[in-house]
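See below for entry.cif, which holds mmCIF, N, CA and C atoms.
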data_run
loop_
_atom_site.group_PDB
_atom_site.id
_atom_site.type_symbol
_atom_site.label_atom_id
_atom_site.label_comp_id
_atom_site.auth_asym_id
_atom_site.auth_seq_id
_atom_site.Cartn_x
_atom_site.Cartn_y
_atom_site.Cartn_z
ATOM 1 N N MET O 11 -20.765 -17.950 -9.969
ATOM 2 C CA MET O 11 -21.882 -17.232 -10.516
ATOM 3 C C MET O 11 -22.666 -18.100 -11.492
ATOM 4 N N GLN O 12 -21.953 -18.884 -12.279
ATOM 5 C CA GLN O 12 -22.635 -19.731 -13.256
ATOM 6 C C GLN O 12 -23.498 -20.792 -12.566
ATOM 7 N N THR O 13 -23.038 -21.320 -11.449
ATOM 8 C CA THR O 13 -23.811 -22.317 -10.714
ATOM 9 C C THR O 13 -25.148 -21.732 -10.269
ATOM 10 N N LYS O 14 -25.145 -20.496 -9.823
ATOM 11 C CA LYS O 14 -26.383 -19.855 -9.402
ATOM 12 C C LYS O 14 -27.356 -19.747 -10.579
ATOM 13 N N GLN O 15 -26.844 -19.379 -11.749
ATOM 14 C CA GLN O 15 -27.678 -19.282 -12.946
ATOM 15 C C GLN O 15 -28.211 -20.668 -13.337
ATOM 16 N N GLU O 16 -27.372 -21.697 -13.274
ATOM 17 C CA GLU O 16 -27.813 -23.053 -13.611
ATOM 18 C C GLU O 16 -28.896 -23.517 -12.644
ATOM 19 N N ASN O 17 -28.749 -23.227 -11.360
ATOM 20 C CA ASN O 17 -29.762 -23.596 -10.379
ATOM 21 C C ASN O 17 -31.072 -22.892 -10.671
ATOM 22 N N HIS O 18 -31.007 -21.615 -11.063
ATOM 23 C CA HIS O 18 -32.218 -20.868 -11.398
ATOM 24 C C HIS O 18 -32.896 -21.494 -12.613
ATOM 25 N N ASN O 19 -32.117 -21.831 -13.632
ATOM 26 C CA ASN O 19 -32.682 -22.455 -14.829
ATOM 27 C C ASN O 19 -33.290 -23.808 -14.505
ATOM 28 N N ASP O 20 -32.626 -24.580 -13.650
ATOM 29 C CA ASP O 20 -33.139 -25.893 -13.279
ATOM 30 C C ASP O 20 -34.422 -25.765 -12.474
ATOM 31 N N SER O 21 -34.474 -24.818 -11.537
ATOM 32 C CA SER O 21 -35.693 -24.664 -10.747
ATOM 33 C C SER O 21 -36.826 -24.140 -11.622
ATOM 34 N N SER O 22 -36.500 -23.317 -12.602
ATOM 35 C CA SER O 22 -37.504 -22.845 -13.548
ATOM 36 C C SER O 22 -38.037 -24.011 -14.373
ATOM 37 N N GLY O 23 -37.148 -24.893 -14.809
ATOM 38 C CA GLY O 23 -37.555 -26.070 -15.569
ATOM 39 C C GLY O 23 -38.375 -27.025 -14.724
ATOM 40 N N LEU O 24 -37.995 -27.181 -13.473
ATOM 41 C CA LEU O 24 -38.740 -28.046 -12.563
ATOM 42 C C LEU O 24 -40.137 -27.485 -12.328
ATOM 43 N N SER O 25 -40.226 -26.182 -12.187
ATOM 44 C CA SER O 25 -41.529 -25.546 -11.993
ATOM 45 C C SER O 25 -42.427 -25.758 -13.216
ATOM 46 N N GLU O 26 -41.884 -25.577 -14.398
ATOM 47 C CA GLU O 26 -42.639 -25.804 -15.635
ATOM 48 C C GLU O 26 -43.069 -27.269 -15.740
ATOM 49 N N PHE O 27 -42.153 -28.169 -15.374
ATOM 50 C CA PHE O 27 -42.464 -29.599 -15.412
ATOM 51 C C PHE O 27 -43.586 -29.925 -14.431
ATOM 52 N N PHE O 28 -43.505 -29.396 -13.218
ATOM 53 C CA PHE O 28 -44.543 -29.669 -12.225
ATOM 54 C C PHE O 28 -45.897 -29.161 -12.695
ATOM 55 N N ASP O 29 -45.915 -27.974 -13.289
ATOM 56 C CA ASP O 29 -47.181 -27.435 -13.808
ATOM 57 C C ASP O 29 -47.779 -28.359 -14.863
ATOM 58 N N ALA O 30 -46.939 -28.841 -15.775
ATOM 59 C CA ALA O 30 -47.409 -29.747 -16.829
ATOM 60 C C ALA O 30 -47.890 -31.068 -16.226
ATOM 61 N N LEU O 31 -47.154 -31.581 -15.245
ATOM 62 C CA LEU O 31 -47.534 -32.839 -14.597
ATOM 63 C C LEU O 31 -48.843 -32.683 -13.838
ATOM 64 N N SER O 32 -48.981 -31.598 -13.114
ATOM 65 C CA SER O 32 -50.207 -31.343 -12.367
ATOM 66 C C SER O 32 -51.399 -31.188 -13.309
ATOM 67 N N ASP O 33 -51.200 -30.453 -14.404
ATOM 68 C CA ASP O 33 -52.265 -30.307 -15.399
ATOM 69 C C ASP O 33 -52.697 -31.656 -15.947
ATOM 70 N N GLU O 34 -51.737 -32.504 -16.218
ATOM 71 C CA GLU O 34 -52.052 -33.825 -16.784
ATOM 72 C C GLU O 34 -52.795 -34.695 -15.769
ATOM 73 N N PHE O 35 -52.384 -34.653 -14.502
ATOM 74 C CA PHE O 35 -53.117 -35.396 -13.476
ATOM 75 C C PHE O 35 -54.547 -34.877 -13.379
ATOM 76 N N MET O 36 -54.720 -33.562 -13.415
ATOM 77 C CA MET O 36 -56.070 -32.989 -13.349
ATOM 78 C C MET O 36 -56.911 -33.441 -14.544
ATOM 79 N N ARG O 37 -56.321 -33.441 -15.730
ATOM 80 C CA ARG O 37 -57.054 -33.848 -16.932
ATOM 81 C C ARG O 37 -57.488 -35.312 -16.857
ATOM 82 N N GLN O 38 -56.588 -36.173 -16.410
ATOM 83 C CA GLN O 38 -56.879 -37.604 -16.436
ATOM 84 C C GLN O 38 -57.629 -38.104 -15.207
ATOM 85 N N THR O 39 -57.466 -37.423 -14.063
ATOM 86 C CA THR O 39 -58.046 -37.967 -12.834
ATOM 87 C C THR O 39 -58.990 -37.020 -12.102
ATOM 88 N N GLY O 40 -58.840 -35.734 -12.361
ATOM 89 C CA GLY O 40 -59.620 -34.760 -11.612
ATOM 90 C C GLY O 40 -58.954 -34.346 -10.310
ATOM 91 N N PHE O 41 -57.764 -34.871 -10.043
ATOM 92 C CA PHE O 41 -57.000 -34.537 -8.839
ATOM 93 C C PHE O 41 -55.608 -34.083 -9.237
ATOM 94 N N GLY O 42 -54.986 -33.258 -8.399
ATOM 95 C CA GLY O 42 -53.641 -32.777 -8.655
ATOM 96 C C GLY O 42 -52.584 -33.844 -8.453
ATOM 97 N N ALA O 43 -51.376 -33.510 -8.817
ATOM 98 C CA ALA O 43 -50.258 -34.454 -8.756
ATOM 99 C C ALA O 43 -49.998 -34.967 -7.344
ATOM 100 N N PHE O 44 -50.144 -34.091 -6.341
ATOM 101 C CA PHE O 44 -49.825 -34.508 -4.978
ATOM 102 C C PHE O 44 -50.790 -35.562 -4.428
ATOM 103 N N ALA O 45 -51.885 -35.805 -5.099
ATOM 104 C CA ALA O 45 -52.776 -36.884 -4.687
ATOM 105 C C ALA O 45 -52.173 -38.248 -5.039
ATOM 106 N N TYR O 46 -51.187 -38.249 -5.938
ATOM 107 C CA TYR O 46 -50.617 -39.507 -6.431
ATOM 108 C C TYR O 46 -49.129 -39.661 -6.189
ATOM 109 N N VAL O 47 -48.393 -38.559 -6.138
ATOM 110 C CA VAL O 47 -46.936 -38.632 -5.995
ATOM 111 C C VAL O 47 -46.451 -37.618 -4.962
ATOM 112 N N THR O 48 -45.328 -37.937 -4.337
ATOM 113 C CA THR O 48 -44.726 -37.045 -3.351
ATOM 114 C C THR O 48 -43.810 -36.037 -4.056
ATOM 115 N N PRO O 49 -43.466 -34.961 -3.382
ATOM 116 C CA PRO O 49 -42.521 -34.007 -3.977
ATOM 117 C C PRO O 49 -41.190 -34.660 -4.366
ATOM 118 N N LEU O 50 -40.700 -35.582 -3.574
ATOM 119 C CA LEU O 50 -39.450 -36.274 -3.903
ATOM 120 C C LEU O 50 -39.600 -37.095 -5.183
ATOM 121 N N GLU O 51 -40.737 -37.768 -5.323
ATOM 122 C CA GLU O 51 -40.986 -38.531 -6.557
ATOM 123 C C GLU O 51 -41.061 -37.608 -7.771
ATOM 124 N N ILE O 52 -41.649 -36.428 -7.594
ATOM 125 C CA ILE O 52 -41.736 -35.479 -8.701
ATOM 126 C C ILE O 52 -40.338 -35.061 -9.136
ATOM 127 N N HIS O 53 -39.469 -34.821 -8.187
ATOM 128 C CA HIS O 53 -38.093 -34.458 -8.514
ATOM 129 C C HIS O 53 -37.411 -35.596 -9.281
ATOM 130 N N ASP O 54 -37.604 -36.839 -8.835
ATOM 131 C CA ASP O 54 -37.019 -37.993 -9.518
ATOM 132 C C ASP O 54 -37.579 -38.138 -10.936
ATOM 133 N N VAL O 55 -38.871 -37.917 -11.093
ATOM 134 C CA VAL O 55 -39.503 -38.009 -12.408
ATOM 135 C C VAL O 55 -38.985 -36.895 -13.316
ATOM 136 N N TYR O 56 -38.741 -35.726 -12.750
ATOM 137 C CA TYR O 56 -38.179 -34.618 -13.519
ATOM 138 C C TYR O 56 -36.796 -34.988 -14.057
ATOM 139 N N GLU O 57 -35.979 -35.605 -13.225
ATOM 140 C CA GLU O 57 -34.654 -36.042 -13.675
ATOM 141 C C GLU O 57 -34.778 -37.083 -14.783
ATOM 142 N N GLU O 58 -35.740 -37.970 -14.664
ATOM 143 C CA GLU O 58 -35.995 -38.958 -15.715
ATOM 144 C C GLU O 58 -36.430 -38.255 -17.007
ATOM 145 N N PHE O 59 -37.296 -37.268 -16.891
ATOM 146 C CA PHE O 59 -37.753 -36.491 -18.040
ATOM 147 C C PHE O 59 -36.571 -35.842 -18.757
ATOM 148 N N GLN O 60 -35.639 -35.287 -18.007
ATOM 149 C CA GLN O 60 -34.490 -34.628 -18.616
ATOM 150 C C GLN O 60 -33.645 -35.610 -19.430
ATOM 151 N N LYS O 61 -33.591 -36.846 -19.011
ATOM 152 C CA LYS O 61 -32.816 -37.864 -19.737
ATOM 153 C C LYS O 61 -33.545 -38.363 -20.981
ATOM 154 N N GLU O 62 -34.870 -38.389 -20.952
ATOM 155 C CA GLU O 62 -35.679 -38.959 -22.029
ATOM 156 C C GLU O 62 -35.682 -38.135 -23.306
ATOM 157 N N GLN O 63 -35.599 -36.831 -23.194
ATOM 158 C CA GLN O 63 -35.625 -35.949 -24.357
ATOM 159 C C GLN O 63 -36.924 -36.059 -25.164
ATOM 160 N N LYS O 64 -38.036 -36.229 -24.472
ATOM 161 C CA LYS O 64 -39.360 -36.228 -25.096
ATOM 162 C C LYS O 64 -40.019 -34.889 -24.828
ATOM 163 N N PRO O 65 -40.984 -34.492 -25.646
ATOM 164 C CA PRO O 65 -41.741 -33.275 -25.329
ATOM 165 C C PRO O 65 -42.416 -33.419 -23.963
ATOM 166 N N ILE O 66 -42.491 -32.327 -23.227
ATOM 167 C CA ILE O 66 -42.989 -32.365 -21.857
ATOM 168 C C ILE O 66 -44.411 -32.928 -21.777
ATOM 169 N N ARG O 67 -45.289 -32.523 -22.675
ATOM 170 C CA ARG O 67 -46.675 -32.999 -22.631
ATOM 171 C C ARG O 67 -46.766 -34.495 -22.918
ATOM 172 N N HIS O 68 -45.960 -34.965 -23.837
ATOM 173 C CA HIS O 68 -45.957 -36.393 -24.160
ATOM 174 C C HIS O 68 -45.459 -37.201 -22.961
ATOM 175 N N PHE O 69 -44.363 -36.736 -22.358
ATOM 176 C CA PHE O 69 -43.801 -37.433 -21.209
ATOM 177 C C PHE O 69 -44.788 -37.479 -20.048
ATOM 178 N N THR O 70 -45.386 -36.319 -19.718
ATOM 179 C CA THR O 70 -46.295 -36.288 -18.574
ATOM 180 C C THR O 70 -47.548 -37.131 -18.830
ATOM 181 N N HIS O 71 -48.035 -37.121 -20.053
ATOM 182 C CA HIS O 71 -49.207 -37.936 -20.388
ATOM 183 C C HIS O 71 -48.909 -39.422 -20.158
ATOM 184 N N GLU O 72 -47.778 -39.885 -20.667
ATOM 185 C CA GLU O 72 -47.403 -41.285 -20.479
ATOM 186 C C GLU O 72 -47.192 -41.613 -19.001
ATOM 187 N N TYR O 73 -46.534 -40.709 -18.280
ATOM 188 C CA TYR O 73 -46.250 -40.957 -16.865
ATOM 189 C C TYR O 73 -47.549 -41.086 -16.064
ATOM 190 N N VAL O 74 -48.471 -40.166 -16.277
ATOM 191 C CA VAL O 74 -49.713 -40.207 -15.501
ATOM 192 C C VAL O 74 -50.487 -41.488 -15.818
ATOM 193 N N ARG O 75 -50.500 -41.907 -17.056
ATOM 194 C CA ARG O 75 -51.190 -43.148 -17.409
ATOM 195 C C ARG O 75 -50.634 -44.358 -16.658
ATOM 196 N N THR O 76 -49.331 -44.334 -16.342
ATOM 197 C CA THR O 76 -48.738 -45.449 -15.598
ATOM 198 C C THR O 76 -49.037 -45.374 -14.116
ATOM 199 N N ARG O 77 -49.445 -44.182 -13.615
ATOM 200 C CA ARG O 77 -49.668 -43.997 -12.175
ATOM 201 C C ARG O 77 -51.118 -44.206 -11.758
ATOM 202 N N ILE O 78 -52.057 -44.189 -12.699
ATOM 203 C CA ILE O 78 -53.465 -44.290 -12.296
ATOM 204 C C ILE O 78 -54.016 -45.670 -12.589
#
Represent the supplied structure as structure tokens.
Amino acid sequence: MQTKQENHNDSSGLSEFFDALSDEFMRQTGFGAFAYVTPLEIHDVYEEFQKEQKPIRHFTHEYVRTRI
């Protein structure tokens, strides 16, 4: 039962992360995240974000700057 709850929390966090990443791509480029990265890359970047322990907006801002 706990695994199901952890998966829900992780997918919720991934969804929040994707929204922040997409917003940042739109702000900096005028295009959404999928114009620059694949869904698999987004998942990998999310795992990197979890290790970094930076605020989500700061992390996504820095990441998008490296991709454009």
Could you expand the PyMOL selection byres (((chain O and resi 78 and name CA) around 10) and name CA) into the explicit residues it covers here, written as a compact mmCIF listing (two decimals) with N, CA and C atoms, keeping the file's coordinate frame?
# COMPACT_ATOMS: atom_id res chain seq x y z
N PHE O 35 -52.38 -34.65 -14.50
CA PHE O 35 -53.12 -35.40 -13.48
C PHE O 35 -54.55 -34.88 -13.38
N GLN O 38 -56.59 -36.17 -16.41
CA GLN O 38 -56.88 -37.60 -16.44
C GLN O 38 -57.63 -38.10 -15.21
N THR O 39 -57.47 -37.42 -14.06
CA THR O 39 -58.05 -37.97 -12.83
C THR O 39 -58.99 -37.02 -12.10
N TYR O 46 -51.19 -38.25 -5.94
CA TYR O 46 -50.62 -39.51 -6.43
C TYR O 46 -49.13 -39.66 -6.19
N TYR O 73 -46.53 -40.71 -18.28
CA TYR O 73 -46.25 -40.96 -16.86
C TYR O 73 -47.55 -41.09 -16.06
N VAL O 74 -48.47 -40.17 -16.28
CA VAL O 74 -49.71 -40.21 -15.50
C VAL O 74 -50.49 -41.49 -15.82
N ARG O 75 -50.50 -41.91 -17.06
CA ARG O 75 -51.19 -43.15 -17.41
C ARG O 75 -50.63 -44.36 -16.66
N THR O 76 -49.33 -44.33 -16.34
CA THR O 76 -48.74 -45.45 -15.60
C THR O 76 -49.04 -45.37 -14.12
N ARG O 77 -49.44 -44.18 -13.62
CA ARG O 77 -49.67 -44.00 -12.18
C ARG O 77 -51.12 -44.21 -11.76
Go through chain O and collect every residue that DSSP, computed from the backbone, puts in alpha helix (DSSP H); the answer should be as a PyMOL selection string.
chain O and resi 12-39+49-62+66-77
Dump of N, CA and C atoms for the selected residues, as a short mmCIF file (atom, residue, chain, number, x, y, z; two decimals), keeping the file's coordinate frame:
data_model
loop_
_atom_site.label_atom_id
_atom_site.label_comp_id
_atom_site.auth_asym_id
_atom_site.auth_seq_id
_atom_site.Cartn_x
_atom_site.Cartn_y
_atom_site.Cartn_z
N GLN O 12 -21.95 -18.88 -12.28
CA GLN O 12 -22.64 -19.73 -13.26
C GLN O 12 -23.50 -20.79 -12.57
N THR O 13 -23.04 -21.32 -11.45
CA THR O 13 -23.81 -22.32 -10.71
C THR O 13 -25.15 -21.73 -10.27
N LYS O 14 -25.14 -20.50 -9.82
CA LYS O 14 -26.38 -19.86 -9.40
C LYS O 14 -27.36 -19.75 -10.58
N GLN O 15 -26.84 -19.38 -11.75
CA GLN O 15 -27.68 -19.28 -12.95
C GLN O 15 -28.21 -20.67 -13.34
N GLU O 16 -27.37 -21.70 -13.27
CA GLU O 16 -27.81 -23.05 -13.61
C GLU O 16 -28.90 -23.52 -12.64
N ASN O 17 -28.75 -23.23 -11.36
CA ASN O 17 -29.76 -23.60 -10.38
C ASN O 17 -31.07 -22.89 -10.67
N HIS O 18 -31.01 -21.62 -11.06
CA HIS O 18 -32.22 -20.87 -11.40
C HIS O 18 -32.90 -21.49 -12.61
N ASN O 19 -32.12 -21.83 -13.63
CA ASN O 19 -32.68 -22.46 -14.83
C ASN O 19 -33.29 -23.81 -14.50
N ASP O 20 -32.63 -24.58 -13.65
CA ASP O 20 -33.14 -25.89 -13.28
C ASP O 20 -34.42 -25.76 -12.47
N SER O 21 -34.47 -24.82 -11.54
CA SER O 21 -35.69 -24.66 -10.75
C SER O 21 -36.83 -24.14 -11.62
N SER O 22 -36.50 -23.32 -12.60
CA SER O 22 -37.50 -22.84 -13.55
C SER O 22 -38.04 -24.01 -14.37
N GLY O 23 -37.15 -24.89 -14.81
CA GLY O 23 -37.56 -26.07 -15.57
C GLY O 23 -38.38 -27.02 -14.72
N LEU O 24 -37.99 -27.18 -13.47
CA LEU O 24 -38.74 -28.05 -12.56
C LEU O 24 -40.14 -27.48 -12.33
N SER O 25 -40.23 -26.18 -12.19
CA SER O 25 -41.53 -25.55 -11.99
C SER O 25 -42.43 -25.76 -13.22
N GLU O 26 -41.88 -25.58 -14.40
CA GLU O 26 -42.64 -25.80 -15.64
C GLU O 26 -43.07 -27.27 -15.74
N PHE O 27 -42.15 -28.17 -15.37
CA PHE O 27 -42.46 -29.60 -15.41
C PHE O 27 -43.59 -29.92 -14.43
N PHE O 28 -43.50 -29.40 -13.22
CA PHE O 28 -44.54 -29.67 -12.22
C PHE O 28 -45.90 -29.16 -12.70
N ASP O 29 -45.92 -27.97 -13.29
CA ASP O 29 -47.18 -27.44 -13.81
C ASP O 29 -47.78 -28.36 -14.86
N ALA O 30 -46.94 -28.84 -15.78
CA ALA O 30 -47.41 -29.75 -16.83
C ALA O 30 -47.89 -31.07 -16.23
N LEU O 31 -47.15 -31.58 -15.24
CA LEU O 31 -47.53 -32.84 -14.60
C LEU O 31 -48.84 -32.68 -13.84
N SER O 32 -48.98 -31.60 -13.11
CA SER O 32 -50.21 -31.34 -12.37
C SER O 32 -51.40 -31.19 -13.31
N ASP O 33 -51.20 -30.45 -14.40
CA ASP O 33 -52.26 -30.31 -15.40
C ASP O 33 -52.70 -31.66 -15.95
N GLU O 34 -51.74 -32.50 -16.22
CA GLU O 34 -52.05 -33.83 -16.78
C GLU O 34 -52.80 -34.70 -15.77
N PHE O 35 -52.38 -34.65 -14.50
CA PHE O 35 -53.12 -35.40 -13.48
C PHE O 35 -54.55 -34.88 -13.38
N MET O 36 -54.72 -33.56 -13.42
CA MET O 36 -56.07 -32.99 -13.35
C MET O 36 -56.91 -33.44 -14.54
N ARG O 37 -56.32 -33.44 -15.73
CA ARG O 37 -57.05 -33.85 -16.93
C ARG O 37 -57.49 -35.31 -16.86
N GLN O 38 -56.59 -36.17 -16.41
CA GLN O 38 -56.88 -37.60 -16.44
C GLN O 38 -57.63 -38.10 -15.21
N THR O 39 -57.47 -37.42 -14.06
CA THR O 39 -58.05 -37.97 -12.83
C THR O 39 -58.99 -37.02 -12.10
N PRO O 49 -43.47 -34.96 -3.38
CA PRO O 49 -42.52 -34.01 -3.98
C PRO O 49 -41.19 -34.66 -4.37
N LEU O 50 -40.70 -35.58 -3.57
CA LEU O 50 -39.45 -36.27 -3.90
C LEU O 50 -39.60 -37.10 -5.18
N GLU O 51 -40.74 -37.77 -5.32
CA GLU O 51 -40.99 -38.53 -6.56
C GLU O 51 -41.06 -37.61 -7.77
N ILE O 52 -41.65 -36.43 -7.59
CA ILE O 52 -41.74 -35.48 -8.70
C ILE O 52 -40.34 -35.06 -9.14
N HIS O 53 -39.47 -34.82 -8.19
CA HIS O 53 -38.09 -34.46 -8.51
C HIS O 53 -37.41 -35.60 -9.28
N ASP O 54 -37.60 -36.84 -8.84
CA ASP O 54 -37.02 -37.99 -9.52
C ASP O 54 -37.58 -38.14 -10.94
N VAL O 55 -38.87 -37.92 -11.09
CA VAL O 55 -39.50 -38.01 -12.41
C VAL O 55 -38.98 -36.90 -13.32
N TYR O 56 -38.74 -35.73 -12.75
CA TYR O 56 -38.18 -34.62 -13.52
C TYR O 56 -36.80 -34.99 -14.06
N GLU O 57 -35.98 -35.60 -13.22
CA GLU O 57 -34.65 -36.04 -13.68
C GLU O 57 -34.78 -37.08 -14.78
N GLU O 58 -35.74 -37.97 -14.66
CA GLU O 58 -35.99 -38.96 -15.72
C GLU O 58 -36.43 -38.26 -17.01
N PHE O 59 -37.30 -37.27 -16.89
CA PHE O 59 -37.75 -36.49 -18.04
C PHE O 59 -36.57 -35.84 -18.76
N GLN O 60 -35.64 -35.29 -18.01
CA GLN O 60 -34.49 -34.63 -18.62
C GLN O 60 -33.65 -35.61 -19.43
N LYS O 61 -33.59 -36.85 -19.01
CA LYS O 61 -32.82 -37.86 -19.74
C LYS O 61 -33.54 -38.36 -20.98
N GLU O 62 -34.87 -38.39 -20.95
CA GLU O 62 -35.68 -38.96 -22.03
C GLU O 62 -35.68 -38.14 -23.31
N ILE O 66 -42.49 -32.33 -23.23
CA ILE O 66 -42.99 -32.36 -21.86
C ILE O 66 -44.41 -32.93 -21.78
N ARG O 67 -45.29 -32.52 -22.68
CA ARG O 67 -46.68 -33.00 -22.63
C ARG O 67 -46.77 -34.49 -22.92
N HIS O 68 -45.96 -34.97 -23.84
CA HIS O 68 -45.96 -36.39 -24.16
C HIS O 68 -45.46 -37.20 -22.96
N PHE O 69 -44.36 -36.74 -22.36
CA PHE O 69 -43.80 -37.43 -21.21
C PHE O 69 -44.79 -37.48 -20.05
N THR O 70 -45.39 -36.32 -19.72
CA THR O 70 -46.30 -36.29 -18.57
C THR O 70 -47.55 -37.13 -18.83
N HIS O 71 -48.04 -37.12 -20.05
CA HIS O 71 -49.21 -37.94 -20.39
C HIS O 71 -48.91 -39.42 -20.16
N GLU O 72 -47.78 -39.88 -20.67
CA GLU O 72 -47.40 -41.28 -20.48
C GLU O 72 -47.19 -41.61 -19.00
N TYR O 73 -46.53 -40.71 -18.28
CA TYR O 73 -46.25 -40.96 -16.86
C TYR O 73 -47.55 -41.09 -16.06
N VAL O 74 -48.47 -40.17 -16.28
CA VAL O 74 -49.71 -40.21 -15.50
C VAL O 74 -50.49 -41.49 -15.82
N ARG O 75 -50.50 -41.91 -17.06
CA ARG O 75 -51.19 -43.15 -17.41
C ARG O 75 -50.63 -44.36 -16.66
N THR O 76 -49.33 -44.33 -16.34
CA THR O 76 -48.74 -45.45 -15.60
C THR O 76 -49.04 -45.37 -14.12
N ARG O 77 -49.44 -44.18 -13.62
CA ARG O 77 -49.67 -44.00 -12.18
C ARG O 77 -51.12 -44.21 -11.76
#
At a cut-off of 10 Å, using only C-alpha atoms, what residues contact His71 of chain O? Leave out same-chain residues fewer than 6 positions from it and give the result as a ChimeraX atom specification.
/O:30-31,33-35,37-38
One-decimal distance in Å that lies between atom C of Phe27 of chain O and atom N of Ile66 of chain O:
9.2 Å
List as an mmCIF file with N, CA and C atoms, keeping the file's coordinate frame the protein and nucleic acid residues near Tyr56 of chain O, meaning an atom at most 8 Å away when all atoms listed in the file are counted, but skip any in the same chain fewer than 3 places from it.
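Dumped to around20.cif:
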data_model
loop_
_atom_site.group_PDB
_atom_site.id
_atom_site.type_symbol
_atom_site.label_atom_id
_atom_site.label_comp_id
_atom_site.auth_asym_id
_atom_site.auth_seq_id
_atom_site.Cartn_x
_atom_site.Cartn_y
_atom_site.Cartn_z
ATOM 1 N N GLY O 23 -37.148 -24.893 -14.809
ATOM 2 C CA GLY O 23 -37.555 -26.070 -15.569
ATOM 3 C C GLY O 23 -38.375 -27.025 -14.724
ATOM 4 N N LEU O 24 -37.995 -27.181 -13.473
ATOM 5 C CA LEU O 24 -38.740 -28.046 -12.563
ATOM 6 C C LEU O 24 -40.137 -27.485 -12.328
ATOM 7 N N PHE O 27 -42.153 -28.169 -15.374
ATOM 8 C CA PHE O 27 -42.464 -29.599 -15.412
ATOM 9 C C PHE O 27 -43.586 -29.925 -14.431
ATOM 10 N N PHE O 28 -43.505 -29.396 -13.218
ATOM 11 C CA PHE O 28 -44.543 -29.669 -12.225
ATOM 12 C C PHE O 28 -45.897 -29.161 -12.695
ATOM 13 N N LEU O 50 -40.700 -35.582 -3.574
ATOM 14 C CA LEU O 50 -39.450 -36.274 -3.903
ATOM 15 C C LEU O 50 -39.600 -37.095 -5.183
ATOM 16 N N GLU O 51 -40.737 -37.768 -5.323
ATOM 17 C CA GLU O 51 -40.986 -38.531 -6.557
ATOM 18 C C GLU O 51 -41.061 -37.608 -7.771
ATOM 19 N N ILE O 52 -41.649 -36.428 -7.594
ATOM 20 C CA ILE O 52 -41.736 -35.479 -8.701
ATOM 21 C C ILE O 52 -40.338 -35.061 -9.136
ATOM 22 N N HIS O 53 -39.469 -34.821 -8.187
ATOM 23 C CA HIS O 53 -38.093 -34.458 -8.514
ATOM 24 C C HIS O 53 -37.411 -35.596 -9.281
ATOM 25 N N PHE O 59 -37.296 -37.268 -16.891
ATOM 26 C CA PHE O 59 -37.753 -36.491 -18.040
ATOM 27 C C PHE O 59 -36.571 -35.842 -18.757
ATOM 28 N N GLN O 60 -35.639 -35.287 -18.007
ATOM 29 C CA GLN O 60 -34.490 -34.628 -18.616
ATOM 30 C C GLN O 60 -33.645 -35.610 -19.430
ATOM 31 N N LYS O 61 -33.591 -36.846 -19.011
ATOM 32 C CA LYS O 61 -32.816 -37.864 -19.737
ATOM 33 C C LYS O 61 -33.545 -38.363 -20.981
ATOM 34 N N GLU O 62 -34.870 -38.389 -20.952
ATOM 35 C CA GLU O 62 -35.679 -38.959 -22.029
ATOM 36 C C GLU O 62 -35.682 -38.135 -23.306
#
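Between atom CA of Gly40 of chain O and atom CA of Glu58 of chain O the interatomic distance comes to 24.3 Å.
Atom pair atom CA of Pro65 of chain O / atom N of Ala45 of chain O has a distance of 22.8 Å (rounded to one decimal).
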